[in-house]
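Structure data follow from coords-v2.pdb (PDB, C-alpha atoms, pLDDT in the B column):
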ATOM      1  CA  THR A   1     109.394  78.215  93.781  1.00 44.00           C
ATOM      2  CA  THR A   2     110.350  81.825  94.354  1.00 54.00           C
ATOM      3  CA  GLN A   3     113.705  82.660  95.923  1.00 59.00           C
ATOM      4  CA  LEU A   4     113.738  85.605  98.303  1.00 65.00           C
ATOM      5  CA  GLY A   5     116.362  88.301  97.835  1.00 73.00           C
ATOM      6  CA  PHE A   6     117.205  90.511  94.871  1.00 78.00           C
ATOM      7  CA  PRO A   7     114.533  90.017  92.171  1.00 83.00           C
ATOM      8  CA  GLY A   8     115.098  88.569  88.749  1.00 85.00           C
ATOM      9  CA  PRO A   9     115.368  90.829  85.691  1.00 89.00           C
ATOM     10  CA  GLN A  10     112.509  93.142  84.769  1.00 89.00           C
ATOM     11  CA  GLY A  11     109.817  91.717  82.554  1.00 87.00           C
ATOM     12  CA  PRO A  12     107.312  89.696  84.578  1.00 92.00           C
ATOM     13  CA  TYR A  13     106.423  92.582  86.922  1.00 92.00           C
ATOM     14  CA  TYR A  14     104.718  94.931  84.425  1.00 92.00           C
ATOM     15  CA  CYS A  15     100.904  94.812  84.906  1.00 92.00           C
ATOM     16  CA  SER A  16     101.530  91.648  86.896  1.00 92.00           C
ATOM     17  CA  VAL A  17      99.348  89.320  88.922  1.00 93.00           C
ATOM     18  CA  GLY A  18     100.628  86.814  91.482  1.00 93.00           C
ATOM     19  CA  SER A  19     102.529  87.139  94.717  1.00 90.00           C
ATOM     20  CA  ASP A  20     105.760  85.929  93.092  1.00 90.00           C
ATOM     21  CA  VAL A  21     105.920  88.929  90.715  1.00 92.00           C
ATOM     22  CA  ASN A  22     103.556  91.557  92.127  1.00 93.00           C
ATOM     23  CA  PHE A  23     104.673  93.612  95.094  1.00 94.00           C
ATOM     24  CA  GLY A  24     102.908  96.543  96.726  1.00 95.00           C
ATOM     25  CA  ARG A  25      99.391  96.047  95.395  1.00 96.00           C
ATOM     26  CA  GLU A  26      97.917  96.639  98.868  1.00 97.00           C
ATOM     27  CA  ILE A  27      99.597 100.042  99.042  1.00 98.00           C
ATOM     28  CA  ALA A  28      98.636 100.996  95.481  1.00 97.00           C
ATOM     29  CA  GLU A  29      94.988 100.071  95.997  1.00 97.00           C
ATOM     30  CA  ALA A  30      94.801 101.769  99.423  1.00 98.00           C
ATOM     31  CA  HIS A  31      96.250 104.895  97.793  1.00 98.00           C
ATOM     32  CA  LEU A  32      93.669 104.738  95.013  1.00 98.00           C
ATOM     33  CA  ARG A  33      90.822 104.430  97.537  1.00 97.00           C
ATOM     34  CA  ALA A  34      92.182 107.281  99.688  1.00 98.00           C
ATOM     35  CA  CYS A  35      92.429 109.573  96.659  1.00 98.00           C
ATOM     36  CA  LEU A  36      88.896 108.737  95.530  1.00 97.00           C
ATOM     37  CA  VAL A  37      87.481 109.409  99.005  1.00 98.00           C
ATOM     38  CA  ALA A  38      89.383 112.723  99.192  1.00 97.00           C
ATOM     39  CA  GLY A  39      88.156 113.860  95.769  1.00 97.00           C
ATOM     40  CA  VAL A  40      91.529 113.653  94.046  1.00 98.00           C
ATOM     41  CA  LYS A  41      90.880 113.044  90.354  1.00 97.00           C
ATOM     42  CA  ILE A  42      92.846 109.809  90.027  1.00 96.00           C
ATOM     43  CA  GLU A  43      92.161 107.621  87.015  1.00 90.00           C
ATOM     44  CA  GLY A  44      93.899 104.356  87.655  1.00 85.00           C
ATOM     45  CA  LEU A  45      97.069 102.523  88.525  1.00 93.00           C
ATOM     46  CA  LYS A  46      99.250  99.676  87.303  1.00 94.00           C
ATOM     47  CA  ALA A  47     102.326  97.725  88.265  1.00 95.00           C
ATOM     48  CA  GLN A  48     105.410  98.834  86.361  1.00 94.00           C
ATOM     49  CA  ALA A  49     108.576  97.112  85.090  1.00 92.00           C
ATOM     50  CA  MET A  50     110.506  97.176  88.364  1.00 91.00           C
ATOM     51  CA  PRO A  51     109.252  95.130  91.333  1.00 91.00           C
ATOM     52  CA  GLY A  52     107.294  97.325  93.730  1.00 92.00           C
ATOM     53  CA  GLN A  53     107.131 100.145  91.178  1.00 94.00           C
ATOM     54  CA  TRP A  54     103.602 101.403  90.497  1.00 95.00           C
ATOM     55  CA  SER A  55     102.165 104.234  88.435  1.00 96.00           C
ATOM     56  CA  PHE A  56      98.970 106.183  88.795  1.00 96.00           C
ATOM     57  CA  SER A  57      97.287 108.758  86.568  1.00 95.00           C
ATOM     58  CA  VAL A  58      95.763 112.041  87.676  1.00 96.00           C
ATOM     59  CA  GLY A  59      93.521 114.171  85.452  1.00 90.00           C
ATOM     60  CA  ALA A  60      92.208 115.293  83.092  1.00 87.00           C
ATOM     61  CA  LEU A  61      92.198 118.713  84.699  1.00 92.00           C
ATOM     62  CA  MET A  62      92.718 122.284  83.609  1.00 89.00           C
ATOM     63  CA  GLY A  63      95.574 124.557  84.565  1.00 85.00           C
ATOM     64  CA  ILE A  64      96.722 124.761  88.149  1.00 92.00           C
ATOM     65  CA  ASP A  65      94.153 122.151  89.237  1.00 96.00           C
ATOM     66  CA  MET A  66      96.366 119.477  87.668  1.00 94.00           C
ATOM     67  CA  GLY A  67      99.304 120.411  89.874  1.00 94.00           C
ATOM     68  CA  ASP A  68      97.097 120.597  92.963  1.00 97.00           C
ATOM     69  CA  HIS A  69      95.660 117.121  92.407  1.00 97.00           C
ATOM     70  CA  LEU A  70      99.076 115.630  91.603  1.00 97.00           C
ATOM     71  CA  THR A  71     100.587 117.183  94.735  1.00 97.00           C
ATOM     72  CA  MET A  72      97.763 115.824  96.892  1.00 98.00           C
ATOM     73  CA  ALA A  73      97.995 112.374  95.258  1.00 98.00           C
ATOM     74  CA  ARG A  74     101.739 112.234  96.001  1.00 98.00           C
ATOM     75  CA  TYR A  75     101.188 113.428  99.567  1.00 98.00           C
ATOM     76  CA  MET A  76      98.488 110.805 100.101  1.00 98.00           C
ATOM     77  CA  LEU A  77     100.745 108.089  98.674  1.00 98.00           C
ATOM     78  CA  CYS A  78     103.397 108.968 101.245  1.00 98.00           C
ATOM     79  CA  ARG A  79     100.819 108.960 104.064  1.00 98.00           C
ATOM     80  CA  VAL A  80      99.264 105.642 102.994  1.00 98.00           C
ATOM     81  CA  SER A  81     102.726 104.082 102.697  1.00 98.00           C
ATOM     82  CA  GLU A  82     103.465 105.022 106.320  1.00 98.00           C
ATOM     83  CA  ALA A  83     100.718 102.635 107.418  1.00 97.00           C
ATOM     84  CA  PHE A  84     102.550  99.818 105.604  1.00 97.00           C
ATOM     85  CA  GLY A  85     105.971 100.734 106.973  1.00 97.00           C
ATOM     86  CA  CYS A  86     107.210 101.717 103.514  1.00 96.00           C
ATOM     87  CA  VAL A  87     108.952 104.784 102.148  1.00 95.00           C
ATOM     88  CA  VAL A  88     108.041 106.216  98.727  1.00 96.00           C
ATOM     89  CA  SER A  89     110.777 107.309  96.331  1.00 95.00           C
ATOM     90  CA  PHE A  90     110.190 109.821  93.545  1.00 95.00           C
ATOM     91  CA  ASP A  91     113.815 109.440  92.436  1.00 95.00           C
ATOM     92  CA  PRO A  92     114.004 109.222  88.619  1.00 96.00           C
ATOM     93  CA  LYS A  93     116.228 106.109  88.846  1.00 95.00           C
ATOM     94  CA  PRO A  94     115.806 104.623  92.329  1.00 92.00           C
ATOM     95  CA  ILE A  95     117.759 101.438  91.543  1.00 91.00           C
ATOM     96  CA  PRO A  96     120.841 101.609  89.286  1.00 90.00           C
ATOM     97  CA  GLY A  97     121.398  99.044  86.583  1.00 90.00           C
ATOM     98  CA  GLU A  98     119.094  97.265  84.186  1.00 92.00           C
ATOM     99  CA  TRP A  99     115.846  98.713  85.536  1.00 91.00           C
ATOM    100  CA  ASN A 100     113.394 101.244  84.157  1.00 92.00           C
ATOM    101  CA  GLY A 101     113.335 104.517  86.033  1.00 93.00           C
ATOM    102  CA  THR A 102     110.404 106.473  87.407  1.00 92.00           C
ATOM    103  CA  ALA A 103     108.854 109.385  85.539  1.00 94.00           C
ATOM    104  CA  CYS A 104     105.998 111.847  85.616  1.00 94.00           C
ATOM    105  CA  HIS A 105     104.776 111.535  82.032  1.00 94.00           C
ATOM    106  CA  THR A 106     102.514 114.482  81.281  1.00 94.00           C
ATOM    107  CA  LYS A 107      99.669 114.363  78.763  1.00 94.00           C
ATOM    108  CA  PHE A 108      98.559 117.800  77.675  1.00 93.00           C
ATOM    109  CA  SER A 109      96.726 119.772  75.027  1.00 96.00           C
ATOM    110  CA  THR A 110      95.341 123.198  74.252  1.00 96.00           C
ATOM    111  CA  LYS A 111      91.961 123.976  72.776  1.00 96.00           C
ATOM    112  CA  LYS A 112      93.630 124.558  69.385  1.00 98.00           C
ATOM    113  CA  MET A 113      95.243 121.090  69.572  1.00 98.00           C
ATOM    114  CA  ARG A 114      91.873 119.479  70.266  1.00 98.00           C
ATOM    115  CA  ASP A 115      90.018 121.376  67.521  1.00 98.00           C
ATOM    116  CA  THR A 116      89.735 120.193  63.909  1.00 97.00           C
ATOM    117  CA  GLY A 117      93.147 120.517  62.267  1.00 96.00           C
ATOM    118  CA  GLY A 118      94.837 120.594  65.658  1.00 98.00           C
ATOM    119  CA  PHE A 119      97.629 118.277  64.578  1.00 98.00           C
ATOM    120  CA  GLU A 120      99.461 121.258  63.065  1.00 98.00           C
ATOM    121  CA  GLU A 121      99.207 123.041  66.425  1.00 98.00           C
ATOM    122  CA  ILE A 122     100.692 119.937  68.057  1.00 98.00           C
ATOM    123  CA  ARG A 123     103.600 120.075  65.590  1.00 98.00           C
ATOM    124  CA  ARG A 124     104.174 123.769  66.395  1.00 98.00           C
ATOM    125  CA  ALA A 125     104.198 122.980  70.119  1.00 98.00           C
ATOM    126  CA  ILE A 126     106.702 120.162  69.576  1.00 98.00           C
ATOM    127  CA  LEU A 127     109.038 122.537  67.713  1.00 98.00           C
ATOM    128  CA  ALA A 128     108.789 124.995  70.633  1.00 98.00           C
ATOM    129  CA  LEU A 129     109.542 122.187  73.105  1.00 98.00           C
ATOM    130  CA  GLU A 130     112.558 121.163  71.028  1.00 98.00           C
ATOM    131  CA  ALA A 131     113.902 124.737  71.021  1.00 98.00           C
ATOM    132  CA  SER A 132     113.776 124.783  74.847  1.00 97.00           C
ATOM    133  CA  HIS A 133     114.669 121.142  75.474  1.00 98.00           C
ATOM    134  CA  MET A 134     117.654 121.583  77.804  1.00 97.00           C
ATOM    135  CA  GLU A 135     115.967 124.443  79.670  1.00 97.00           C
ATOM    136  CA  HIS A 136     113.064 122.074  80.414  1.00 97.00           C
ATOM    137  CA  ILE A 137     115.370 119.208  81.365  1.00 97.00           C
ATOM    138  CA  ASN A 138     117.131 121.483  83.862  1.00 96.00           C
ATOM    139  CA  ALA A 139     113.775 122.493  85.377  1.00 96.00           C
ATOM    140  CA  TYR A 140     112.607 118.880  85.831  1.00 93.00           C
ATOM    141  CA  GLY A 141     114.903 118.310  88.802  1.00 91.00           C
ATOM    142  CA  GLU A 142     117.937 116.271  89.668  1.00 94.00           C
ATOM    143  CA  GLY A 143     118.647 112.733  88.590  1.00 95.00           C
ATOM    144  CA  ASN A 144     117.030 112.593  85.160  1.00 96.00           C
ATOM    145  CA  GLU A 145     120.451 112.100  83.556  1.00 96.00           C
ATOM    146  CA  ARG A 146     120.459 108.665  85.248  1.00 96.00           C
ATOM    147  CA  ARG A 147     117.038 107.806  83.770  1.00 96.00           C
ATOM    148  CA  LEU A 148     117.125 109.425  80.308  1.00 97.00           C
ATOM    149  CA  THR A 149     119.992 107.360  78.907  1.00 96.00           C
ATOM    150  CA  GLY A 150     118.451 106.112  75.676  1.00 95.00           C
ATOM    151  CA  LEU A 151     117.991 102.719  77.359  1.00 94.00           C
ATOM    152  CA  HIS A 152     115.141 101.241  79.402  1.00 93.00           C
ATOM    153  CA  GLU A 153     112.292 102.796  77.380  1.00 92.00           C
ATOM    154  CA  THR A 154     113.741 106.320  77.342  1.00 95.00           C
ATOM    155  CA  ALA A 155     115.247 108.751  74.862  1.00 96.00           C
ATOM    156  CA  HIS A 156     118.707 110.200  75.559  1.00 97.00           C
ATOM    157  CA  ILE A 157     118.623 113.336  77.717  1.00 97.00           C
ATOM    158  CA  GLU A 158     120.689 115.478  75.330  1.00 96.00           C
ATOM    159  CA  THR A 159     118.925 114.709  72.040  1.00 96.00           C
ATOM    160  CA  PHE A 160     115.317 115.852  71.695  1.00 98.00           C
ATOM    161  CA  SER A 161     113.025 113.414  69.922  1.00 98.00           C
ATOM    162  CA  TRP A 162     109.374 112.925  69.171  1.00 98.00           C
ATOM    163  CA  GLY A 163     107.304 110.371  67.309  1.00 98.00           C
ATOM    164  CA  ILE A 164     103.935 108.846  66.623  1.00 98.00           C
ATOM    165  CA  ASP A 165     103.213 106.091  69.152  1.00 97.00           C
ATOM    166  CA  ASN A 166     106.928 106.073  69.950  1.00 96.00           C
ATOM    167  CA  LYS A 167     107.390 105.366  73.642  1.00 91.00           C
ATOM    168  CA  LEU A 168     111.156 105.726  73.171  1.00 95.00           C
ATOM    169  CA  ALA A 169     110.824 109.418  72.225  1.00 97.00           C
ATOM    170  CA  HIS A 170     110.675 112.411  74.526  1.00 97.00           C
ATOM    171  CA  ILE A 171     107.343 113.504  73.075  1.00 98.00           C
ATOM    172  CA  CYS A 172     104.867 110.797  72.098  1.00 98.00           C
ATOM    173  CA  VAL A 173     101.805 111.552  69.972  1.00 98.00           C
ATOM    174  CA  PRO A 174      99.301 108.693  70.014  1.00 98.00           C
ATOM    175  CA  ARG A 175      98.468 107.092  66.671  1.00 98.00           C
ATOM    176  CA  SER A 176      94.782 107.848  67.357  1.00 98.00           C
ATOM    177  CA  VAL A 177      95.651 111.568  67.515  1.00 98.00           C
ATOM    178  CA  GLU A 178      97.484 111.385  64.199  1.00 98.00           C
ATOM    179  CA  ARG A 179      94.478 109.637  62.615  1.00 98.00           C
ATOM    180  CA  ALA A 180      91.984 112.113  64.080  1.00 98.00           C
ATOM    181  CA  GLY A 181      94.145 115.097  63.153  1.00 98.00           C
ATOM    182  CA  CYS A 182      93.732 116.577  66.614  1.00 98.00           C
ATOM    183  CA  GLY A 183      94.123 115.697  70.277  1.00 98.00           C
ATOM    184  CA  TYR A 184      97.013 115.704  72.754  1.00 97.00           C
ATOM    185  CA  MET A 185     100.627 114.684  73.242  1.00 98.00           C
ATOM    186  CA  THR A 186     102.634 113.174  76.074  1.00 97.00           C
ATOM    187  CA  ASP A 187     105.858 114.657  77.389  1.00 97.00           C
ATOM    188  CA  ARG A 188     107.839 111.643  78.645  1.00 96.00           C
ATOM    189  CA  ARG A 189     110.809 113.687  79.901  1.00 96.00           C
ATOM    190  CA  PRO A 190     109.685 114.643  83.410  1.00 94.00           C
TER
END
In structure tokens, how does this file's structure come out?
Amino acid sequence: TTQLGFPGPQGPYYCSVGSDVNFGREIAEAHLRACLVAGVKIEGLKAQAMPGQWSFSVGALMGIDMGDHLTMARYMLCRVSEAFGCVVSFDPKPIPGEWNGTACHTKFSTKKMRDTGGFEEIRRAILALEASHMEHINAYGEGNERRLTGLHETAHIETFSWGIDNKLAHICVPRSVERAGCGYMTDRRP
């Protein structure tokens, strides 16, 4: 039987099924439907490590369109949540303690990165990101120092890192991109 109150440790909630470990599915699915009807380019959703924490993906889009669609998706999430009597938090670490935070992981590429031999362009971009690491961190908003601790599937805020298929690094390059020699990377800092 499930006890009501503060939930047990993270683990069973990620990509979960079942009313004892999955919370907020009605909101997440209503948000997905609202975005699809409105023409927001949303590509899916899943339950995350913290109870009631969900993620959704927007894209792939070019340039400013990405920001427009993300802004509308966030707005629509807040509006849909009103109907359920819930409040959305975009706080990077909404619950202190042994819980994963909330991020806005950003997958991106340039034409050169996607072209044959693009892996070298990805490496050049990573070096440029490293050179401006703290400038970027400061631009990502308040609270990331509580999330980017080196724990809970994050890298430490003050030490730039990247890796192949390394979800504990700031910049993650998928193994499939390394094999293909071209593609994209994910900035896991914001």
**Asked** Got a sec: who's within 9 Å of A:Pro9, counting only C-alpha atoms, leaving out chain neighbours fewer than 3 positions off, as a PyMOL selection string?
**Response** chain A and resi 12+50+98-99
Could you write out that same residue set with C-alpha atoms as a CSV table (one decimal), in the frame of the given file?
chain,number,residue,atom,x,y,z
A,12,PRO,CA,107.3,89.7,84.6
A,50,MET,CA,110.5,97.2,88.4
A,98,GLU,CA,119.1,97.3,84.2
A,99,TRP,CA,115.8,98.7,85.5
Please report as a Markdown table every residue of stretch 87-141 of chain A lying within 10 Å of stretch 57-61 of chain A, along with the nearest atom pair and their distance in Å (one decimal), using all atoms listed in the file.
| residue | atom | partner | partner_atom | distance |
| --- | --- | --- | --- | --- |
| A:Cys104 | CA | A:Ser57 | CA | 9.3 |
| A:His105 | CA | A:Ser57 | CA | 9.2 |
| A:Thr106 | CA | A:Ser57 | CA | 9.4 |
| A:Lys107 | CA | A:Ala60 | CA | 8.7 |
| A:Phe108 | CA | A:Ala60 | CA | 8.7 |
File of the preceding selection, C-alpha atoms, as a PDB file, in the frame of the given file:
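The result, written out as again-v9.pdb:
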ATOM      1  CA  CYS A 104     105.998 111.847  85.616  1.00 94.00           C
ATOM      2  CA  HIS A 105     104.776 111.535  82.032  1.00 94.00           C
ATOM      3  CA  THR A 106     102.514 114.482  81.281  1.00 94.00           C
ATOM      4  CA  LYS A 107      99.669 114.363  78.763  1.00 94.00           C
ATOM      5  CA  PHE A 108      98.559 117.800  77.675  1.00 93.00           C
TER       6      PHE A 108
END
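Closest approach to A:Leu32 from the set A:Ala83, A:Ala103, A:Leu77, A:Ala155 is made by A:Leu77, with distances taken over only C-alpha atoms.
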*Translate the PyMOL selection byres ((chain A and resi 146) around 10), as applied to the file shown, into an explicit residue set as a PyMOL selection string.*
chain A and resi 91-97+101+142-145+147-149+156-157
How about saving the chosen residues, C-alpha atoms kept, as a short mmCIF file (atom, residue, chain, number, x, y, z; two decimals), in the coordinates of the input?
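Dumped everything to selection-v4.cif:
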data_model
loop_
_atom_site.label_atom_id
_atom_site.label_comp_id
_atom_site.auth_asym_id
_atom_site.auth_seq_id
_atom_site.Cartn_x
_atom_site.Cartn_y
_atom_site.Cartn_z
CA ASP A 91 113.82 109.44 92.44
CA PRO A 92 114.00 109.22 88.62
CA LYS A 93 116.23 106.11 88.85
CA PRO A 94 115.81 104.62 92.33
CA ILE A 95 117.76 101.44 91.54
CA PRO A 96 120.84 101.61 89.29
CA GLY A 97 121.40 99.04 86.58
CA GLY A 101 113.34 104.52 86.03
CA GLU A 142 117.94 116.27 89.67
CA GLY A 143 118.65 112.73 88.59
CA ASN A 144 117.03 112.59 85.16
CA GLU A 145 120.45 112.10 83.56
CA ARG A 147 117.04 107.81 83.77
CA LEU A 148 117.12 109.42 80.31
CA THR A 149 119.99 107.36 78.91
CA HIS A 156 118.71 110.20 75.56
CA ILE A 157 118.62 113.34 77.72
#
Counting all atoms listed in the file, closest pick from A:Phe6, A:Tyr184, A:Trp162, A:Trp54 relative to A:Asn100 is A:Trp54
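Taking atom CA of A:Gln53 as the reference point, atom CA of A:Ala28 is found at 9.6 Å.
The gap separating atom CA of A:Val37 from atom CA of A:Met72 is 12.3 Å, in Å to one decimal.
The two atoms in question, atom CA of A:Gln48 and atom CA of A:Gly141, are spaced 21.8 Å apart.
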task: Starting from the shown file, work through the PyMOL selection byres ((chain A and resi 128-131) around 12) and note down what comes out as a list in words.
output: Glu121, Ile122, Arg123, Arg124, Ala125, Ile126, Leu127, Ser132, His133, Met134, Glu135, His136, Ile137, Ile157, Glu158, Thr159, Phe160, Ser161, Trp162, Ala169, His170, Ile171, Met185, Thr186, Asp187 and Arg189 of chain A
Shortest contact to A:Lys41, candidates A:Glu178, A:Glu120, A:Asp65, A:Glu82, atoms counted all atoms listed in the file, goes to A:Asp65
Going by the chain IDs and residue numbers used in this file, which residues fall under the PyMOL selection byres ((chain A and resi 56) around 6)? Write them as a PyMOL selection string. chain A and resi 44-45+55+57
Between A:Ala180, A:Thr102, A:Arg79, A:Val21, smallest distance to A:Thr116 by all atoms listed in the file belongs to A:Ala180
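Proximity to A:Gly39 at 10 Å, evaluated using only C-alpha atoms and with sequence-adjacent residues fewer than 6 positions away removed, yields A:Arg33, A:His69, A:Met72, A:Ala73.
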What does the file look like for those residues with C-alpha atoms, as a compact mmCIF listing (two decimals), in the frame of the given file?
# COMPACT_ATOMS: atom_id res chain seq x y z
CA ARG A 33 90.82 104.43 97.54
CA HIS A 69 95.66 117.12 92.41
CA MET A 72 97.76 115.82 96.89
CA ALA A 73 98.00 112.37 95.26
From the list A:Val80, A:Ile27, A:Leu70, A:Ile164, the nearest residue to A:Ile42 using only C-alpha atoms is A:Leu70
Counting all atoms listed in the file, closest pick from A:Cys78, A:Val177, A:Met62, A:Met113 relative to A:His31 is A:Cys78
